[in-house]
Amino acid sequence: MRAELLAKYSGRERRRIDDILHRASKIIASIVAEEGAKPIMEELTDIRDRIRCSRRMNRRLHSMPFRKIQFYISYKAMEYGFKPEFVDAKNTSRTCPICDEVSKPNRHAFRCIKCGFQADKHLVAAWNTATKLPMCRPLPLAAKALNEPLLLEVRGKG
Ligand SMILES: [Zn+2]
């Protein structure tokens, strides 16, 4: 299975994605170091169970980069002295961070059926993931973060 995955996901495309993952994880690790924040990431152990409805190809294309970027973020953050924590991400993109109601996101948009809170589902997932650790409190997010998509351009080498 692993050999098959590696073969499918090889060559030029793999190197291109790897380069993007390295640059993105370097940016994340530098934010971790600047802000003195603990990186909290989703446990991917049960990813196969959660996305078993998607096509096999989706799984091939998606599960590996997730693990890879977590690995890159982990070792780069640890170089700065910040050890990442991994949490169970069940329902993180479906739970309202304001009132805890579970709503189904519509594509990338999350809208709470109970309180009407709206945001990008990835932002909601990140917010909920961060607050899964007992020592973390809900983050005071700026209105800007909720209303505008965060565009982080990854360009150039290093
Ligand atoms: Zn709500």
# chains A, B, ... in the order shown; residues from 1 in each chain; ligands from 1
call {"tool": "closest_atom_pairs", "arguments": {"of": "chain A", "to": "ligand 1", "cutoff": "7 Å", "atoms": "only C-alpha atoms and all ligand atoms", "output": "tab-separated table"}}
result
residue	atom	partner	partner_atom_place_in_ligand_line	distance
A:Cys96	CA	ligand 1	1 (Zn)	4.6
A:Pro97	CA	ligand 1	1 (Zn)	6.7
A:Ile98	CA	ligand 1	1 (Zn)	5.1
A:Cys99	CA	ligand 1	1 (Zn)	4.1
A:Asp100	CA	ligand 1	1 (Zn)	6.0
A:Glu101	CA	ligand 1	1 (Zn)	5.4
A:Cys112	CA	ligand 1	1 (Zn)	4.6
A:Ile113	CA	ligand 1	1 (Zn)	6.7
A:Lys114	CA	ligand 1	1 (Zn)	5.1
A:Cys115	CA	ligand 1	1 (Zn)	4.0
A:Gly116	CA	ligand 1	1 (Zn)	5.9
A:Phe117	CA	ligand 1	1 (Zn)	5.4
call {"tool": "residues_around", "arguments": {"residues": "Ile40 in chain A", "least_positions_apart": "4", "cutoff": "6 Å", "atoms": "only C-alpha atoms", "output": "JSON, numbers by chain"}}
result
{"A": [84, 85, 86, 130]}
call {"tool": "residues_around", "arguments": {"residues": "Val32 in chain A", "least_positions_apart": "4", "cutoff": "10 Å", "atoms": "only C-alpha atoms", "output": "number ranges by chain"}}
result
A: 26-28, 36-39, 73, 76-78, 80-82, 84
call {"tool": "select_by_dssp", "arguments": {"residues": "range 75-147 of chain A", "states": "strand (DSSP E)", "output": "MDAnalysis selection string"}}
result
chainID A and resid 85:87 109:111 118:120
call {"tool": "residues_around", "arguments": {"residues": "Lys68 in chain A", "least_positions_apart": "5", "cutoff": "10 Å", "atoms": "only C-alpha atoms", "output": "PyMOL selection string"}}
result
chain A and resi 18+21-22+25+63+73-74
call {"tool": "atom_distance", "arguments": {"atom1": "CA of Arg107 in chain A", "atom2": "CA of Ala126 in chain A"}}
result
16.1 Å
call {"tool": "atom_distance", "arguments": {"atom1": "CA of Arg23 in chain A", "atom2": "CA of Arg67 in chain A"}}
result
15.3 Å
call {"tool": "residues_around", "arguments": {"residues": "Thr129 in chain A", "least_positions_apart": "2", "cutoff": "12 Å", "atoms": "only C-alpha atoms", "output": "ChimeraX atom specification"}}
result
/A:39-43,85-97,121-127,131-134,136-139
call {"tool": "atom_distance", "arguments": {"atom1": "CA of Phe66 in chain A", "atom2": "CA of Ala29 in chain A"}}
result
15.7 Å
